[in-house]
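Student: This is the structure I have questions about; it appears just below.
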Amino acid sequence: MQLEKIVYENGIFEFIEEEKLYTINGRSKNIKRSFVRRPPGIRAIIVNNKNEILLSKEYRYELETFDYRLPGGKVFDNLEDYKKSLRDNTLLDAVYNTVAKEVREEVGIKIENPILYHVSHAGASIVWDLYYFIINDYEIIKNGQELEENEIVDGFVWKNSNEIIKMCAKKQIHEERTIGVLLSYILEKQND
């Protein structure tokens, strides 16, 4: 039995109290927990023919400075659309559609054939998944950037694996989940 109670909601986040029966190793236990849920996001690992990865230089309000990031963004603008996609079982469709939209808007690149690489889960008390895609098939559109009102992206750069590792070590890339995914991707490619 699962009982979920929404304690608070503000349009993008909801605070939930849940009671659920878990069975682990043949033993059942009723668990009560609280968590926050928000719509997922996407990140694009765009790789060129030199095996370099594209990083955008984006102003981050939480850092009060520019940060190097993978192009990406939120899948839904509000909680209701997210919840509807869960009910209708269309979340993954929305995620795939968002990859092309966000990459085009942020860095002016038209993509084809995105490959889902990894889904990063925030943790037990925060449900906020980030879907990471590998992009090898793309076209740079001249003056193709279409930023949202509060977005500031000051161009993009191509970096090789060693440069990205150094940027991660020097904290020039701040999003920790992205650091982990980038380093995993680089190590996999080095071992191929």
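Chain labels run A, B, ... following the order of the structure tokens; each chain numbers its residues from 1, and ligands are numbered from 1 in the order shown.
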Using backbone DSSP assignments, extract all strand (DSSP E or B) residues from region 42-179 of chain A; output them as an MDAnalysis selection string.

Tutor: chainID A and resid 42:47 53:60 65:69 72:74 109:112 115:120 126:127 130:135 137:140 153:159

Student: Go ahead and write the selection's residues with N, CA and C atoms as a short mmCIF file (atom, residue, chain, number, x, y, z; two decimals), in the first residue's frame.

Tutor:
data_model
loop_
_atom_site.label_atom_id
_atom_site.label_comp_id
_atom_site.auth_asym_id
_atom_site.auth_seq_id
_atom_site.Cartn_x
_atom_site.Cartn_y
_atom_site.Cartn_z
N ILE A 42 17.43 18.05 -18.45
CA ILE A 42 18.28 17.32 -19.40
C ILE A 42 19.64 18.02 -19.52
N ARG A 43 20.63 17.25 -19.90
CA ARG A 43 21.96 17.78 -20.21
C ARG A 43 22.43 17.06 -21.47
N ALA A 44 23.13 17.79 -22.36
CA ALA A 44 23.59 17.24 -23.63
C ALA A 44 25.12 17.20 -23.68
N ILE A 45 25.65 16.01 -23.89
CA ILE A 45 27.09 15.83 -24.11
C ILE A 45 27.29 15.79 -25.61
N ILE A 46 27.61 16.95 -26.19
CA ILE A 46 27.77 17.07 -27.64
C ILE A 46 29.25 16.84 -27.97
N VAL A 47 29.52 15.85 -28.80
CA VAL A 47 30.89 15.42 -29.09
C VAL A 47 31.18 15.67 -30.57
N ILE A 53 34.26 17.87 -26.29
CA ILE A 53 32.90 18.04 -25.77
C ILE A 53 32.60 19.53 -25.69
N LEU A 54 31.38 19.89 -26.08
CA LEU A 54 30.95 21.28 -26.06
C LEU A 54 30.50 21.66 -24.65
N LEU A 55 31.01 22.78 -24.18
CA LEU A 55 30.58 23.36 -22.90
C LEU A 55 30.08 24.78 -23.17
N SER A 56 28.95 25.13 -22.59
CA SER A 56 28.46 26.50 -22.72
C SER A 56 28.97 27.30 -21.53
N LYS A 57 29.12 28.59 -21.75
CA LYS A 57 29.52 29.50 -20.68
C LYS A 57 28.26 30.27 -20.28
N GLU A 58 27.69 29.87 -19.14
CA GLU A 58 26.38 30.37 -18.75
C GLU A 58 26.46 31.10 -17.41
N TYR A 59 25.78 32.23 -17.32
CA TYR A 59 25.71 32.94 -16.04
C TYR A 59 24.77 32.18 -15.13
N ARG A 60 25.23 31.89 -13.92
CA ARG A 60 24.43 31.16 -12.94
C ARG A 60 24.15 32.08 -11.77
N THR A 65 28.12 34.28 -10.95
CA THR A 65 29.21 34.35 -11.93
C THR A 65 28.90 33.38 -13.07
N PHE A 66 29.78 33.38 -14.05
CA PHE A 66 29.65 32.44 -15.17
C PHE A 66 30.20 31.07 -14.78
N ASP A 67 29.65 30.05 -15.38
CA ASP A 67 30.06 28.68 -15.13
C ASP A 67 30.08 27.94 -16.46
N TYR A 68 30.97 26.98 -16.60
CA TYR A 68 30.96 26.12 -17.77
C TYR A 68 30.03 24.95 -17.48
N ARG A 69 29.15 24.66 -18.44
CA ARG A 69 28.11 23.65 -18.23
C ARG A 69 27.83 22.92 -19.53
N GLY A 72 21.59 22.44 -21.59
CA GLY A 72 20.45 21.71 -21.07
C GLY A 72 19.47 22.62 -20.40
N GLY A 73 18.52 22.01 -19.73
CA GLY A 73 17.51 22.80 -19.05
C GLY A 73 16.40 21.93 -18.51
N LYS A 74 15.32 22.57 -18.15
CA LYS A 74 14.20 21.84 -17.54
C LYS A 74 13.31 21.25 -18.63
N ILE A 109 22.37 24.99 -31.84
CA ILE A 109 22.77 23.77 -32.55
C ILE A 109 21.55 22.90 -32.76
N LYS A 110 21.37 22.45 -34.00
CA LYS A 110 20.29 21.52 -34.34
C LYS A 110 20.86 20.11 -34.21
N ILE A 111 20.17 19.27 -33.41
CA ILE A 111 20.68 17.92 -33.17
C ILE A 111 19.78 16.87 -33.79
N GLU A 112 20.35 15.70 -34.02
CA GLU A 112 19.63 14.52 -34.50
C GLU A 112 20.09 13.33 -33.66
N ILE A 115 21.22 10.11 -27.91
CA ILE A 115 21.33 8.79 -27.28
C ILE A 115 21.33 8.98 -25.76
N LEU A 116 20.32 8.39 -25.09
CA LEU A 116 20.27 8.50 -23.63
C LEU A 116 21.46 7.77 -23.05
N TYR A 117 22.28 8.49 -22.29
CA TYR A 117 23.51 7.94 -21.72
C TYR A 117 23.34 7.57 -20.24
N HIS A 118 22.70 8.46 -19.48
CA HIS A 118 22.63 8.24 -18.04
C HIS A 118 21.49 9.06 -17.44
N VAL A 119 20.87 8.52 -16.40
CA VAL A 119 19.88 9.28 -15.63
C VAL A 119 20.45 9.43 -14.22
N SER A 120 20.63 10.67 -13.79
CA SER A 120 21.17 10.96 -12.46
C SER A 120 20.01 11.28 -11.52
N ILE A 126 15.17 14.13 -2.34
CA ILE A 126 14.87 15.04 -3.45
C ILE A 126 14.72 14.21 -4.72
N VAL A 127 13.54 14.25 -5.31
CA VAL A 127 13.32 13.59 -6.59
C VAL A 127 13.48 14.66 -7.66
N LEU A 130 18.12 14.11 -13.67
CA LEU A 130 18.75 14.75 -14.83
C LEU A 130 19.04 13.66 -15.85
N TYR A 131 18.56 13.86 -17.07
CA TYR A 131 18.76 12.92 -18.16
C TYR A 131 19.91 13.43 -19.03
N TYR A 132 20.96 12.63 -19.14
CA TYR A 132 22.14 12.99 -19.92
C TYR A 132 22.12 12.27 -21.26
N PHE A 133 22.35 13.01 -22.33
CA PHE A 133 22.33 12.47 -23.68
C PHE A 133 23.67 12.67 -24.37
N ILE A 134 24.06 11.70 -25.18
CA ILE A 134 25.22 11.84 -26.06
C ILE A 134 24.69 12.30 -27.42
N ILE A 135 25.33 13.32 -27.97
CA ILE A 135 24.95 13.87 -29.27
C ILE A 135 26.18 13.85 -30.16
N ASP A 137 25.48 13.74 -33.76
CA ASP A 137 24.90 14.16 -35.03
C ASP A 137 24.26 15.53 -34.83
N TYR A 138 24.89 16.58 -35.37
CA TYR A 138 24.39 17.94 -35.13
C TYR A 138 24.83 18.88 -36.24
N GLU A 139 24.21 20.06 -36.25
CA GLU A 139 24.56 21.12 -37.19
C GLU A 139 24.51 22.44 -36.43
N ILE A 140 25.59 23.20 -36.51
CA ILE A 140 25.63 24.52 -35.86
C ILE A 140 24.88 25.50 -36.76
N VAL A 153 23.84 33.13 -21.82
CA VAL A 153 24.86 32.19 -22.28
C VAL A 153 25.82 32.97 -23.16
N ASP A 154 27.07 33.03 -22.73
CA ASP A 154 28.09 33.81 -23.41
C ASP A 154 28.94 32.90 -24.30
N GLY A 155 28.29 32.21 -25.22
CA GLY A 155 29.00 31.37 -26.17
C GLY A 155 29.29 29.98 -25.63
N PHE A 156 30.08 29.25 -26.42
CA PHE A 156 30.46 27.89 -26.04
C PHE A 156 31.87 27.59 -26.53
N VAL A 157 32.46 26.58 -25.91
CA VAL A 157 33.82 26.16 -26.25
C VAL A 157 33.84 24.63 -26.40
N TRP A 158 34.78 24.15 -27.19
CA TRP A 158 35.02 22.72 -27.32
C TRP A 158 36.25 22.39 -26.49
N LYS A 159 36.16 21.38 -25.63
CA LYS A 159 37.27 20.99 -24.76
C LYS A 159 37.53 19.50 -24.89
#

Student: From a backbone DSSP assignment, name each residue in region 65-142 of chain A labelled alpha helix (DSSP H), as JSON, numbers by chain.

Tutor: {"A": [79, 80, 81, 82, 83, 84, 85, 86, 87, 88, 91, 92, 93, 94, 95, 96, 97, 98, 99, 100, 101, 102, 103, 104, 105, 106, 107]}

Student: Between A:Leu3, A:Val103, A:Leu70, A:Leu147, which residue has the minimum interatomic distance to Arg177 (chain A), considering only C-alpha atoms?

Tutor: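 Using only C-alpha atoms, the shortest distance to Arg177 (chain A) belongs to A:Leu70.
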
Student: From the options A:Pro39, A:Gly108, A:Gly180, A:Pro71, which residue's atoms come nearest to Trp128 (chain A), counting only C-alpha atoms?

Tutor: A:Pro39

Student: Measure the distance from CA of Glu102 (chain A) to CA of Glu14 (chain A) in Å and round it to one decimal.

Tutor: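 Interatomic distance here is 24.0 Å.
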
Student: Find the residue from A:Asn136, A:Asn162, A:Asn48, A:Asn10 that sits nearest to Gln190 (chain A); use only C-alpha atoms when measuring.

Tutor: A:Asn162

Student: What is the CA of His121 (chain A)-CA of Pro40 (chain A) distance in Å, reported with one decimal?

Tutor: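 The value is 9.5 Å.
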
Student: Give me the residues within 6 Å of region 97-101 of chain A as a list in words, counting only C-alpha atoms and dropping any in the same chain fewer than 3 places off.

Tutor: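 My reading of the contact set: Val75, Ala94, Arg104 and Ile111 of chain A.
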
Student: Of the candidates A:Asn143, A:Tyr96, A:Asp129, A:Asp88, which one gets nearest to Thr178 (chain A) if we count only C-alpha atoms?

Tutor: A:Asp129

Student: Do you have the CA of Ile152 (chain A)-CA of Glu52 (chain A) distance handy?

Tutor: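 CA of Ile152 (chain A) sits 23.1 Å away from CA of Glu52 (chain A).
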